[in-house]
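The file work.cif comes next; it holds mmCIF, C-alpha atoms.
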```
data_start
loop_
_atom_site.label_atom_id
_atom_site.label_comp_id
_atom_site.auth_asym_id
_atom_site.auth_seq_id
_atom_site.Cartn_x
_atom_site.Cartn_y
_atom_site.Cartn_z
CA MET Q 1 -23.77 -44.39 -7.58
CA GLY Q 2 -26.35 -43.64 -10.25
CA LEU Q 3 -29.11 -41.05 -10.29
CA TYR Q 4 -32.08 -41.57 -8.00
CA LYS Q 5 -35.55 -40.57 -9.23
CA ARG Q 6 -37.58 -38.70 -6.67
CA ASN Q 7 -41.15 -39.77 -5.92
CA GLU Q 8 -43.92 -38.19 -3.93
CA THR Q 9 -43.21 -40.23 -0.80
CA GLU Q 10 -39.65 -38.90 -0.51
CA GLY Q 11 -38.99 -35.85 1.68
CA LYS Q 12 -38.37 -32.63 -0.12
CA LYS Q 13 -35.70 -31.25 2.27
CA LEU Q 14 -32.23 -32.76 2.19
CA SER Q 15 -30.86 -33.81 5.59
CA ILE Q 16 -27.33 -32.46 6.10
CA ARG Q 17 -25.12 -32.68 9.16
CA PHE Q 18 -21.42 -32.43 9.99
CA ASN Q 19 -19.45 -34.86 12.17
CA LEU Q 20 -15.84 -35.10 13.27
CA LYS Q 21 -13.48 -37.81 12.11
CA GLN Q 22 -12.41 -38.42 15.72
CA GLN Q 23 -13.59 -37.05 19.07
CA CYS Q 24 -11.40 -38.94 21.52
CA VAL Q 25 -8.52 -36.45 21.76
CA ALA Q 26 -10.12 -33.11 22.60
CA GLU Q 27 -7.09 -30.96 21.76
CA ARG Q 28 -6.04 -32.57 18.48
CA LEU Q 29 -7.22 -31.10 15.20
CA THR Q 30 -9.52 -33.43 13.33
CA GLN Q 31 -11.26 -33.18 9.98
CA ILE Q 32 -14.92 -32.27 9.64
CA MET Q 33 -17.05 -34.65 7.54
CA LEU Q 34 -20.26 -33.84 5.72
CA VAL Q 35 -22.85 -36.61 6.24
CA THR Q 36 -26.15 -36.91 4.38
CA THR Q 37 -28.57 -39.69 3.46
CA VAL Q 38 -29.86 -40.16 -0.08
CA ASN Q 39 -32.49 -42.86 -0.71
CA SER Q 40 -31.59 -44.62 2.54
CA LYS Q 41 -27.90 -44.61 1.65
CA ARG Q 42 -25.49 -42.61 3.75
CA ILE Q 43 -22.91 -40.42 1.97
CA ARG Q 44 -19.78 -39.10 3.71
CA VAL Q 45 -17.53 -36.45 2.20
CA TYR Q 46 -14.45 -34.89 3.83
CA THR Q 47 -14.50 -31.07 3.84
CA LYS Q 48 -10.76 -30.56 4.53
CA LEU Q 49 -11.79 -28.25 7.39
CA ARG Q 50 -10.26 -29.05 10.77
CA VAL Q 51 -11.21 -28.20 14.34
CA GLU Q 52 -10.36 -29.41 17.86
CA PRO Q 53 -13.20 -31.59 19.27
CA ARG Q 54 -13.42 -29.46 22.42
CA TYR Q 55 -14.75 -26.60 20.25
CA TRP Q 56 -17.39 -28.72 18.49
CA ASP Q 57 -21.14 -28.69 19.21
CA ARG Q 58 -22.50 -32.19 18.47
CA ARG Q 59 -26.13 -31.08 18.52
CA ASN Q 60 -25.91 -28.08 16.20
CA TYR Q 61 -23.04 -29.44 14.07
CA ARG Q 62 -21.10 -26.18 14.40
CA CYS Q 63 -18.05 -24.79 16.19
CA ILE Q 64 -18.61 -23.17 19.57
CA GLU Q 65 -16.65 -20.47 21.37
CA ALA Q 66 -15.14 -21.49 24.72
CA ARG Q 67 -14.30 -19.27 27.66
CA GLY Q 68 -10.88 -17.69 27.70
CA MET Q 69 -10.39 -17.85 23.93
CA THR Q 70 -8.44 -15.11 22.22
CA ARG Q 71 -10.09 -12.89 19.67
CA ARG Q 72 -8.02 -14.53 16.95
CA GLY Q 73 -9.23 -17.97 18.04
CA ARG Q 74 -12.87 -16.85 18.02
CA ASN Q 75 -12.44 -15.40 14.53
CA GLN Q 76 -11.00 -18.70 13.26
CA LEU Q 77 -13.99 -20.64 14.61
CA HIS Q 78 -16.35 -18.05 13.15
CA MET Q 79 -14.70 -18.47 9.74
CA LEU Q 80 -15.08 -22.27 10.02
CA ASN Q 81 -18.79 -21.87 10.70
CA GLU Q 82 -19.13 -19.55 7.71
CA GLN Q 83 -17.46 -22.15 5.48
CA LEU Q 84 -19.78 -24.87 6.79
CA GLU Q 85 -22.77 -22.62 6.09
CA CYS Q 86 -21.42 -22.04 2.57
CA ILE Q 87 -21.14 -25.80 1.93
CA GLU Q 88 -24.61 -26.51 3.30
CA SER Q 89 -26.17 -23.68 1.30
CA ALA Q 90 -24.44 -24.79 -1.93
CA ILE Q 91 -25.63 -28.40 -1.51
CA CYS Q 92 -29.22 -27.30 -0.81
CA GLU Q 93 -29.21 -25.12 -3.93
CA GLU Q 94 -27.87 -27.99 -6.04
CA ASP Q 95 -30.45 -30.35 -4.55
CA GLN Q 96 -33.23 -27.91 -5.45
CA ARG Q 97 -32.03 -27.69 -9.05
CA LEU Q 98 -31.97 -31.50 -9.28
CA ALA Q 99 -35.42 -31.75 -7.69
CA GLU Q 100 -36.89 -29.67 -10.50
CA ARG Q 101 -35.69 -32.39 -12.89
CA GLY Q 102 -36.91 -35.19 -10.62
CA GLU Q 103 -33.36 -36.32 -9.75
CA TRP Q 104 -31.51 -37.07 -6.50
CA MET Q 105 -28.06 -36.03 -5.36
CA THR Q 106 -25.19 -38.44 -5.92
CA THR Q 107 -21.85 -38.90 -4.21
CA GLN Q 108 -20.08 -37.42 -7.23
CA ILE Q 109 -22.33 -34.34 -7.24
CA ILE Q 110 -21.83 -33.73 -3.51
CA GLN Q 111 -18.07 -34.12 -3.88
CA ARG Q 112 -18.09 -31.64 -6.76
CA VAL Q 113 -20.08 -29.08 -4.76
CA VAL Q 114 -17.80 -29.44 -1.73
CA ARG Q 115 -14.72 -29.14 -3.97
CA GLY Q 116 -16.14 -25.94 -5.46
CA CYS Q 117 -16.62 -24.50 -1.97
CA GLN Q 118 -13.06 -25.52 -1.08
CA GLU Q 119 -11.70 -23.72 -4.14
CA LYS Q 120 -13.74 -20.63 -3.27
CA LYS Q 121 -12.44 -20.81 0.29
CA SER Q 122 -8.85 -21.14 -0.91
CA VAL Q 123 -9.25 -17.96 -3.00
CA LEU Q 124 -10.78 -16.05 -0.09
CA GLY Q 125 -8.18 -17.45 2.29
CA ASN Q 126 -5.24 -16.68 0.03
CA PRO Q 127 -3.02 -14.21 1.93
CA ILE Q 128 -2.38 -12.02 -1.11
CA ALA Q 129 -6.14 -11.88 -1.79
CA CYS Q 130 -6.64 -10.92 1.87
CA LEU Q 131 -4.12 -8.11 1.49
CA TYR Q 132 -5.98 -6.88 -1.60
CA ARG Q 133 -9.21 -6.77 0.43
CA LEU Q 134 -7.46 -4.70 3.10
CA VAL Q 135 -6.31 -2.23 0.43
CA ASP Q 136 -9.81 -2.07 -1.08
CA GLU Q 137 -11.14 -1.07 2.35
CA TYR Q 138 -8.19 1.21 3.13
CA ASP Q 139 -9.91 4.57 2.66
CA MET Q 140 -13.11 3.41 4.38
CA LYS Q 141 -11.60 2.55 7.76
CA VAL Q 142 -9.69 4.39 10.45
CA ASN Q 143 -6.21 2.94 11.00
CA ARG Q 144 -4.50 2.21 14.31
CA ARG Q 145 -3.34 5.83 14.48
CA GLY Q 146 -6.89 7.10 14.23
CA ARG Q 147 -6.57 8.37 10.65
CA ILE Q 148 -8.45 7.66 7.45
CA GLY Q 149 -6.35 6.55 4.49
CA ILE Q 150 -5.59 8.69 1.45
CA GLU Q 151 -5.76 7.72 -2.23
CA SER Q 152 -2.04 8.15 -3.01
CA THR Q 153 -1.10 5.66 -0.29
CA ARG Q 154 -3.63 3.15 -1.60
CA CYS Q 155 -2.05 3.44 -5.07
CA SER Q 156 1.33 2.63 -3.50
CA TYR Q 157 -0.22 -0.43 -1.84
CA TYR Q 158 -1.62 -1.68 -5.15
CA MET Q 159 1.74 -1.22 -6.88
CA ALA Q 160 3.56 -3.19 -4.16
CA LEU Q 161 0.96 -5.98 -4.31
CA LYS Q 162 1.39 -6.27 -8.08
CA ARG Q 163 5.13 -6.80 -7.55
CA LEU Q 164 4.35 -9.34 -4.83
CA GLU Q 165 2.02 -11.21 -7.21
CA GLU Q 166 4.69 -11.29 -9.93
CA TYR Q 167 7.17 -12.70 -7.43
CA ASN Q 168 4.64 -15.29 -6.24
CA ARG Q 169 4.08 -16.53 -9.81
CA GLN Q 170 7.75 -17.36 -10.28
CA ARG Q 171 8.17 -19.03 -6.88
CA SER Q 172 8.59 -22.80 -6.94
CA THR Q 173 6.29 -22.96 -3.89
CA PRO Q 174 3.52 -20.32 -4.01
CA ILE Q 175 2.51 -18.38 -0.90
CA VAL Q 176 -0.50 -20.17 0.62
CA SER Q 177 -0.48 -18.88 4.20
CA PHE Q 178 0.49 -15.82 6.21
CA GLU Q 179 3.04 -18.07 7.91
CA ASP Q 180 4.97 -18.06 4.62
CA PHE Q 181 5.94 -14.42 5.23
CA ASN Q 182 9.05 -15.48 7.15
CA ARG Q 183 12.76 -14.75 6.94
CA ASN Q 184 13.25 -16.78 3.75
CA PHE Q 185 10.42 -14.89 2.06
CA PHE Q 186 11.90 -11.45 2.77
CA VAL Q 187 15.38 -12.57 1.65
CA GLU Q 188 14.08 -14.09 -1.58
CA PHE Q 189 11.65 -11.23 -2.28
CA THR Q 190 14.45 -8.68 -1.83
CA ASN Q 191 16.68 -10.60 -4.23
CA TYR Q 192 13.81 -10.81 -6.73
CA LEU Q 193 13.20 -7.05 -6.61
CA CYS Q 194 16.91 -6.36 -7.14
CA LYS Q 195 17.22 -8.68 -10.13
CA CYS Q 196 13.88 -8.29 -11.95
CA THR Q 197 13.41 -5.80 -14.78
CA TYR Q 198 10.53 -3.64 -15.99
CA GLY Q 199 9.54 -1.61 -19.05
CA ARG Q 200 10.71 -1.87 -22.63
CA GLN Q 201 14.26 -0.98 -21.69
CA LYS Q 202 14.38 -3.84 -19.14
CA ARG Q 203 15.70 -1.63 -16.35
CA HIS Q 204 16.29 -2.79 -12.79
CA TYR Q 205 14.51 -1.19 -9.85
CA THR Q 206 16.45 1.39 -7.87
CA GLN Q 207 17.37 0.73 -4.26
CA ASN Q 208 14.76 3.31 -3.22
CA THR Q 209 12.05 1.33 -5.00
CA VAL Q 210 13.19 -1.97 -3.45
CA ILE Q 211 13.23 -0.54 0.07
CA ASN Q 212 9.90 1.26 -0.34
CA THR Q 213 8.24 -1.90 -1.71
CA LEU Q 214 9.43 -3.90 1.30
CA LYS Q 215 8.22 -1.13 3.57
CA VAL Q 216 4.74 -1.20 2.01
CA VAL Q 217 4.52 -5.01 2.27
CA LYS Q 218 5.49 -4.72 5.94
CA ASN Q 219 2.78 -2.15 6.47
CA LEU Q 220 0.16 -4.39 4.85
CA LEU Q 221 1.23 -7.36 6.97
CA HIS Q 222 0.91 -5.15 10.02
CA ARG Q 223 -2.64 -4.31 8.97
CA ALA Q 224 -3.40 -8.02 8.54
CA TYR Q 225 -2.01 -8.63 12.03
CA ASP Q 226 -4.13 -5.80 13.49
CA ASN Q 227 -7.22 -7.27 11.79
CA GLU Q 228 -6.61 -10.67 13.43
CA MET Q 229 -5.92 -12.37 10.10
CA THR Q 230 -2.63 -13.80 11.30
CA SER Q 231 -0.50 -14.21 14.39
CA ASN Q 232 2.75 -14.09 12.40
CA ASP Q 233 4.64 -10.92 13.38
CA TYR Q 234 8.04 -11.67 11.82
CA PHE Q 235 7.67 -8.57 9.62
CA ILE Q 236 8.52 -6.43 12.69
CA LYS Q 237 12.11 -7.71 12.54
CA VAL Q 238 12.65 -6.72 8.90
CA GLN Q 239 14.86 -3.65 8.44
CA THR Q 240 13.61 -1.26 5.75
CA THR Q 241 15.49 1.94 6.55
CA LEU Q 242 17.04 3.55 3.50
CA PRO Q 243 20.65 4.68 4.02
CA GLY Q 244 20.72 8.46 4.39
CA ASN Q 245 23.42 8.96 1.76
CA ILE Q 246 21.92 6.75 -0.94
CA CYS Q 247 19.80 9.45 -2.52
CA GLU Q 248 21.16 12.71 -3.92
CA PRO Q 249 18.10 14.50 -5.35
CA VAL Q 250 18.30 17.91 -6.95
CA TYR Q 251 16.82 21.18 -5.80
CA LEU Q 252 16.41 24.56 -7.50
CA GLN Q 253 18.29 27.65 -6.43
CA GLU Q 254 16.26 30.82 -6.04
CA THR Q 255 17.66 32.21 -9.29
CA GLU Q 256 16.46 29.10 -11.11
CA ILE Q 257 13.02 29.36 -9.49
CA HIS Q 258 12.78 32.97 -10.70
CA GLN Q 259 13.90 31.85 -14.15
CA LEU Q 260 11.18 29.20 -14.20
CA SER Q 261 8.53 31.66 -13.00
CA GLN Q 262 9.22 33.83 -16.08
CA VAL Q 263 9.21 31.03 -18.65
CA GLU Q 264 6.82 31.42 -21.57
CA THR Q 265 3.77 29.15 -21.51
CA PHE Q 266 1.61 28.09 -24.44
CA SER Q 267 -1.56 26.93 -22.68
CA LYS Q 268 -3.64 27.63 -19.61
CA ARG Q 269 -2.61 24.28 -18.09
CA GLU Q 270 1.09 25.04 -18.50
CA ARG Q 271 0.62 28.42 -16.84
CA GLU Q 272 -1.29 26.89 -13.92
CA VAL Q 273 1.29 24.13 -13.40
CA ARG Q 274 4.11 26.69 -13.50
CA ASP Q 275 2.40 28.97 -10.98
CA MET Q 276 1.56 26.16 -8.57
CA PHE Q 277 5.12 24.86 -8.78
CA VAL Q 278 6.45 28.31 -7.88
CA ILE Q 279 4.01 28.49 -4.96
CA ALA Q 280 5.29 25.10 -3.78
CA CYS Q 281 8.87 26.38 -4.01
CA TYR Q 282 8.09 29.00 -1.34
CA THR Q 283 5.64 27.02 0.83
CA ALA Q 284 7.11 23.46 0.84
CA LEU Q 285 3.64 22.07 0.07
CA ARG Q 286 3.33 18.61 -1.39
CA ILE Q 287 1.24 18.26 -4.55
CA SER Q 288 -1.50 16.58 -2.48
CA ASP Q 289 -1.63 19.71 -0.28
CA LEU Q 290 -1.62 22.07 -3.27
CA GLN Q 291 -4.81 20.35 -4.41
CA GLN Q 292 -6.44 21.29 -1.08
CA LEU Q 293 -5.69 25.02 -1.21
CA ASN Q 294 -9.27 25.88 -2.13
CA ARG Q 295 -10.31 24.55 1.28
CA ALA Q 296 -7.41 26.09 3.23
CA VAL Q 297 -7.73 29.14 5.47
CA ILE Q 298 -5.73 31.89 3.73
CA SER Q 299 -5.15 35.30 5.26
CA ARG Q 300 -3.00 38.13 3.94
CA GLN Q 301 0.08 36.75 5.70
CA ALA Q 302 -0.32 32.98 6.08
CA ILE Q 303 -1.85 29.75 4.78
CA SER Q 304 -3.35 27.39 7.34
CA LEU Q 305 -4.16 23.79 6.38
CA TYR Q 306 -3.92 20.16 7.45
CA GLN Q 307 -1.34 18.21 5.47
CA GLN Q 308 -2.83 15.27 3.60
CA LYS Q 309 0.04 12.92 4.39
CA THR Q 310 0.63 13.62 8.08
CA LYS Q 311 -2.74 15.19 9.01
CA GLU Q 312 -0.71 17.84 10.86
CA LEU Q 313 -1.83 21.47 10.98
CA VAL Q 314 0.76 23.82 9.45
CA GLU Q 315 0.88 27.60 9.35
CA ILE Q 316 2.80 28.78 6.27
CA PRO Q 317 3.82 32.42 5.90
CA ILE Q 318 3.15 33.91 2.47
CA LEU Q 319 6.49 35.20 1.19
CA LYS Q 320 6.58 38.25 -1.06
CA GLU Q 321 7.71 36.15 -4.05
CA ILE Q 322 4.34 34.35 -4.22
CA ALA Q 323 1.96 36.92 -2.69
CA PRO Q 324 0.62 38.07 -6.12
CA LEU Q 325 0.01 34.46 -7.20
CA ILE Q 326 -1.82 33.62 -3.97
CA GLU Q 327 -3.99 36.72 -4.33
CA HIS Q 328 -4.79 35.90 -7.96
CA TYR Q 329 -5.84 32.30 -7.33
CA ARG Q 330 -7.78 33.19 -4.21
CA ALA Q 331 -10.06 35.15 -6.50
CA THR Q 332 -10.21 32.68 -9.40
CA GLY Q 333 -9.78 29.37 -7.55
CA PHE Q 334 -6.63 27.27 -7.22
CA PRO Q 335 -6.22 24.79 -10.10
CA VAL Q 336 -6.30 21.03 -9.49
CA PHE Q 337 -4.46 18.55 -11.71
CA GLY Q 338 -3.00 15.05 -11.64
CA LYS Q 339 0.47 14.34 -10.31
CA SER Q 340 1.83 12.56 -13.40
CA GLN Q 341 0.56 15.28 -15.74
CA ALA Q 342 2.03 18.03 -13.54
CA ASN Q 343 5.44 16.33 -13.33
CA ARG Q 344 5.53 15.90 -17.10
CA ILE Q 345 4.67 19.55 -17.74
CA ILE Q 346 7.15 20.95 -15.22
CA LYS Q 347 9.97 19.03 -16.93
CA ILE Q 348 8.97 20.56 -20.27
CA LEU Q 349 8.95 24.05 -18.76
CA ALA Q 350 12.31 23.52 -17.03
CA ALA Q 351 13.85 22.37 -20.32
CA ARG Q 352 12.31 25.37 -22.10
CA CYS Q 353 14.02 27.84 -19.78
CA HIS Q 354 17.33 25.95 -20.09
CA ILE Q 355 17.73 24.54 -16.59
CA ASP Q 356 20.01 21.99 -18.16
CA ASP Q 357 23.14 21.78 -15.99
CA LYS Q 358 24.64 18.29 -16.09
CA ILE Q 359 23.98 16.51 -12.80
CA ASN Q 360 26.04 13.50 -11.76
CA HIS Q 361 24.32 11.35 -9.19
CA ARG Q 362 24.59 7.89 -7.76
CA GLU Q 363 22.09 5.19 -8.64
CA VAL Q 364 21.80 1.69 -7.18
CA ARG Q 365 20.07 -0.68 -9.59
CA GLY Q 366 20.14 -4.44 -9.52
CA GLY Q 367 22.40 -4.30 -6.47
CA GLU Q 368 25.09 -2.38 -8.39
CA THR Q 369 26.11 1.24 -7.79
CA GLN Q 370 26.77 3.45 -10.79
CA ILE Q 371 27.23 7.15 -11.54
CA VAL Q 372 24.78 8.50 -14.10
CA THR Q 373 24.52 11.94 -15.71
CA HIS Q 374 21.27 13.72 -16.56
CA PRO Q 375 20.35 17.28 -17.48
CA LYS Q 376 18.87 18.94 -14.41
CA TRP Q 377 15.44 19.55 -15.97
CA LYS Q 378 14.98 15.81 -16.41
CA MET Q 379 15.31 15.22 -12.65
CA ILE Q 380 12.77 17.87 -11.61
CA SER Q 381 9.37 16.91 -10.21
CA PHE Q 382 6.85 18.63 -7.96
CA HIS Q 383 8.61 17.17 -4.93
CA THR Q 384 11.68 19.13 -6.04
CA ALA Q 385 9.75 22.27 -5.11
CA ARG Q 386 9.34 21.10 -1.52
CA ARG Q 387 13.02 20.22 -1.27
CA SER Q 388 13.97 23.56 -2.83
CA CYS Q 389 11.92 25.52 -0.30
CA VAL Q 390 13.45 23.72 2.68
CA THR Q 391 16.99 24.06 1.35
CA ASN Q 392 16.74 27.71 0.30
CA LEU Q 393 15.18 28.86 3.59
CA TYR Q 394 17.90 27.01 5.46
CA LYS Q 395 20.55 28.67 3.30
CA ARG Q 396 19.01 32.07 4.07
CA GLY Q 397 19.97 31.42 7.67
CA TYR Q 398 16.56 30.78 9.24
CA PRO Q 399 16.63 28.42 12.26
CA VAL Q 400 16.02 24.76 11.54
CA ASN Q 401 13.04 24.51 13.90
CA TYR Q 402 11.34 27.41 12.08
CA VAL Q 403 11.79 25.74 8.70
CA MET Q 404 10.59 22.40 10.11
CA SER Q 405 7.40 24.00 11.43
CA LEU Q 406 6.70 25.28 7.91
CA SER Q 407 7.47 22.01 6.09
CA GLY Q 408 5.75 19.82 8.68
CA HIS Q 409 8.80 17.60 9.32
CA ARG Q 410 8.48 15.93 12.71
CA SER Q 411 12.08 14.73 13.09
CA ILE Q 412 15.46 16.29 12.43
CA GLN Q 413 16.49 13.09 10.61
CA ALA Q 414 13.73 13.50 8.03
CA PHE Q 415 14.58 17.19 7.67
CA GLN Q 416 18.28 16.49 7.12
CA ARG Q 417 17.52 14.18 4.21
CA TYR Q 418 16.20 17.25 2.40
CA MET Q 419 19.45 19.08 3.04
CA ARG Q 420 21.78 16.51 1.52
CA ALA Q 421 21.30 17.93 -1.96
CA SER Q 422 23.06 21.15 -0.94
CA THR Q 423 26.02 19.63 0.92
CA LYS Q 424 28.55 20.62 -1.76
CA GLU Q 425 27.14 24.12 -2.11
CA LEU Q 426 27.05 24.66 1.65
CA MET Q 427 30.70 23.69 1.80
CA ASN Q 428 31.50 26.27 -0.88
CA ASP Q 429 29.66 28.91 1.16
CA PHE Q 430 31.55 27.83 4.26
CA VAL Q 431 34.89 28.11 2.48
CA TYR Q 432 33.88 31.58 1.23
CA MET Q 433 33.07 32.67 4.79
CA LEU Q 434 36.36 31.30 6.07
CA LYS Q 435 38.27 33.20 3.41
CA LYS Q 436 36.31 36.37 4.18
CA ASP Q 437 37.27 36.07 7.85
CA LYS Q 438 40.85 35.25 6.80
CA ALA Q 439 40.61 31.96 8.65
CA ILE Q 440 42.22 30.10 5.76
#
```

Represent the structure of the file as structure tokens.
Amino acid sequence: MGLYKRNETEGKKLSIRFNLKQQCVAERLTQIMLVTTVNSKRIRVYTKLRVEPRYWDRRNYRCIEARGMTRRGRNQLHMLNEQLECIESAICEEDQRLAERGEWMTTQIIQRVVRGCQEKKSVLGNPIACLYRLVDEYDMKVNRRGRIGIESTRCSYYMALKRLEEYNRQRSTPIVSFEDFNRNFFVEFTNYLCKCTYGRQKRHYTQNTVINTLKVVKNLLHRAYDNEMTSNDYFIKVQTTLPGNICEPVYLQETEIHQLSQVETFSKREREVRDMFVIACYTALRISDLQQLNRAVISRQAISLYQQKTKELVEIPILKEIAPLIEHYRATGFPVFGKSQANRIIKILAARCHIDDKINHREVRGGETQIVTHPKWKMISFHTARRSCVTNLYKRGYPVNYVMSLSGHRSIQAFQRYMRASTKELMNDFVYMLKKDKAI
């Protein structure tokens, strides 16, 4: 069809309506057609949108909500109406642009506009794009537990989604629907995470990283389910529990903590990182909680604050080893710094004071288990301080429930994972006690 020149007798407003391909079977999905008339010639274009005729309003050319519908069903009809509005609006805008040049719409132009709306809809309806939108809104909404999200968790979500995108690019059949998150997806995605490599050295992900990525994807799918984006709940069946004996992280003995507290520093930032690490070694505070100390309630004997991760209130006694540091920073203000910078500096300080015992530990990469050896300073991070506090207080003989109330652990299983690092040393202490009592 060629271009039609407008004249003054022609109407200025384009007539647009939507009809169904069939209306005989009320419960069978049928495609919605766009129908318009240009210069007395009718043009029909399929929109690729489908609806059951029983939910269609013939007068208003829109979907209608019926009694007894689920919330998910109402949302789907609402989204269909939004897409129809988008198509109608886009065609009217194109018609207005053509009118300024004295031209009419053509079949090809209408098809192109509808195709553009379909492509836009496919982007908005892409499940991975939907998950990105949920992450973008993460810290602006209250979750199903009544809590507002925190920035560190959102960063974990973004990292997991990037891995999901990389996996989707190499799939022979890309993910186009939430229904694709089925058993085959989780099997194939797990295999991909185990086999893929990253960085210049082309290293495989550890088993911890694989499990945590799956756990984050499950969490995001749960959020999509809660937001009525999908009815697929297969993710509930996926097991993402990390074996308790797979991780053997290090901790610092009290002599090593004292050694680190006396290490020479060459800048104000190094001194602040060192001091805050030592404080963490005697309070079990995460780095996210250390950054909130300026807003905590601090008395002469205890620190009272809400943990950023769990939102639980903890009362932490101020031990004599850190009392001078707490008093100093109460007067000057507790320093705030980034996690990656702090972890890099604390490794430098640990190497400087020769915390360099050779540590053999088990790593699972690419599905294979291997024993690797590193100097101890290389394995230290700010989370080591939390583990060191829990382990050292337990070794002092304080009851487990007392230590758990300080660290904020809510289950004995989570607490015991912090104790695995000292299993060998505890056995040595046990043997010493047995020999002292002449039991062996």

- Message: With distances taken over all atoms listed in the file, which residue among Q:Arg387, Q:Arg223, Q:Lys395, Q:Arg58 lies nearest Leu285 in chain Q?
- Response: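 That would be Q:Arg387, the residue with the smallest distance to Leu285 in chain Q.
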
- Query: Pick the closest to His354 in chain Q from Q:Thr173, Q:Thr206, Q:Gln262, Q:Gln31: which is it, counting only C-alpha atoms?
  - Reply: Q:Gln262

- Message: Just checking: using all atoms listed in the file, which residue out of Q:Met69, Q:Cys117, Q:Cys24, Q:Leu305 ends up closest to Gly408 in chain Q?
- Response: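 For Gly408 in chain Q, the nearest of the given residues is Q:Leu305.
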
- Query: By how many Å are CA of Asp95 in chain Q and CA of Thr30 in chain Q apart?
  - Reply: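 Atom-to-atom, CA of Asp95 in chain Q to CA of Thr30 in chain Q, that is 27.7 Å.
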
- Task: Please write as a VMD selection string the full residue list that the PyMOL selection byres ((chain Q and resi 313-320) around 9) yields on this file.
- Result: chain Q and resid 282 to 284 299 to 307 310 to 312 321 to 324 326 405 to 408

- Task: Figure out the distance between CA of Cys389 in chain Q and CA of Arg271 in chain Q, please, to one decimal in Å.
- Result: 20.2 Å

Spell out the residues picked by the PyMOL selection byres ((chain Q and resi 182) around 10) here, as a PDB file with C-alpha atoms, in the frame of the given file.
```pdb
ATOM      1  CA  PHE Q 178       0.490 -15.820   6.210  1.00  0.00           C
ATOM      2  CA  GLU Q 179       3.040 -18.070   7.910  1.00  0.00           C
ATOM      3  CA  ASP Q 180       4.970 -18.060   4.620  1.00  0.00           C
ATOM      4  CA  PHE Q 181       5.940 -14.420   5.230  1.00  0.00           C
ATOM      5  CA  ARG Q 183      12.760 -14.750   6.940  1.00  0.00           C
ATOM      6  CA  ASN Q 184      13.250 -16.780   3.750  1.00  0.00           C
ATOM      7  CA  PHE Q 185      10.420 -14.890   2.060  1.00  0.00           C
ATOM      8  CA  PHE Q 186      11.900 -11.450   2.770  1.00  0.00           C
ATOM      9  CA  VAL Q 187      15.380 -12.570   1.650  1.00  0.00           C
ATOM     10  CA  ASN Q 232       2.750 -14.090  12.400  1.00  0.00           C
ATOM     11  CA  ASP Q 233       4.640 -10.920  13.380  1.00  0.00           C
ATOM     12  CA  TYR Q 234       8.040 -11.670  11.820  1.00  0.00           C
ATOM     13  CA  PHE Q 235       7.670  -8.570   9.620  1.00  0.00           C
ATOM     14  CA  LYS Q 237      12.110  -7.710  12.540  1.00  0.00           C
ATOM     15  CA  VAL Q 238      12.650  -6.720   8.900  1.00  0.00           C
TER      16      VAL Q 238
END
```

- Work out how far CA of Met33 in chain Q is from CA of Asn19 in chain Q, in Å to one decimal.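 According to the coordinates, CA of Asn19 in chain Q and CA of Met33 in chain Q are separated by 5.2 Å.
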
- Taking all atoms listed in the file into account, which of Q:Arg44, Q:Lys347, Q:Arg362, Q:His374 comes nearest Gln108 in chain Q?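 The answer is Q:Arg44, which sits nearest to Gln108 in chain Q.
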
- Message: Take the PyMOL selection byres ((chain Q and resi 275) around 12), run it mentally on this structure, and tell me the resulting residues as an MDAnalysis selection string.
- Response: chainID Q and resid 257:258 260:265 268:274 276:282 290 321:326 328:329 334:336 342 345:346 349 382 385

Near Ala66 in chain Q, within 9 Å and counting all atoms listed in the file, which residues show up once chain neighbours fewer than 5 positions away are dropped, as a PDB file with C-alpha atoms, keeping the file's coordinate frame?
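Here's the written file result_27.pdb:
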```pdb
ATOM      1  CA  ARG Q  54     -13.420 -29.460  22.420  1.00  0.00           C
ATOM      2  CA  TYR Q  55     -14.750 -26.600  20.250  1.00  0.00           C
ATOM      3  CA  ARG Q  74     -12.870 -16.850  18.020  1.00  0.00           C
TER       4      ARG Q  74
END
```

- Which of these, Q:Lys436, Q:Lys218, Q:Arg344, Q:Lys309, has the shortest distance to His409 in chain Q once you count all atoms listed in the file? Q:Lys309

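With all atoms listed in the file as the atoms that count, the minimum distance from Ile16 in chain Q to the choices Q:Glu88, Q:Glu82, Q:Glu165, Q:Glu52 is reached by Q:Glu88.
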
- Near Asn126 in chain Q, within 9 Å and counting all atoms listed in the file, which residues show up once chain neighbours fewer than 5 positions away are dropped, as a PyMOL selection string? chain Q and resi 121+131+175-178

Output C-alpha atoms for every residue in the selection just made, as a PDB file, in the coordinates of the input.
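Once written, result_29.pdb looks like this:
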```pdb
ATOM      1  CA  LYS Q 121     -12.440 -20.810   0.290  1.00  0.00           C
ATOM      2  CA  LEU Q 131      -4.120  -8.110   1.490  1.00  0.00           C
ATOM      3  CA  ILE Q 175       2.510 -18.380  -0.900  1.00  0.00           C
ATOM      4  CA  VAL Q 176      -0.500 -20.170   0.620  1.00  0.00           C
ATOM      5  CA  SER Q 177      -0.480 -18.880   4.200  1.00  0.00           C
ATOM      6  CA  PHE Q 178       0.490 -15.820   6.210  1.00  0.00           C
TER       7      PHE Q 178
END
```

- Message: Give me, as a list in words, all polymer residues having an atom no more than 9 Å from Tyr205 in chain Q, counting all atoms listed in the file and skipping those fewer than 6 positions away in the same chain.
- Response: Leu193, Cys194, Lys195, Cys196, Thr197, Tyr198, Val364, Arg365 and Gly366 of chain Q
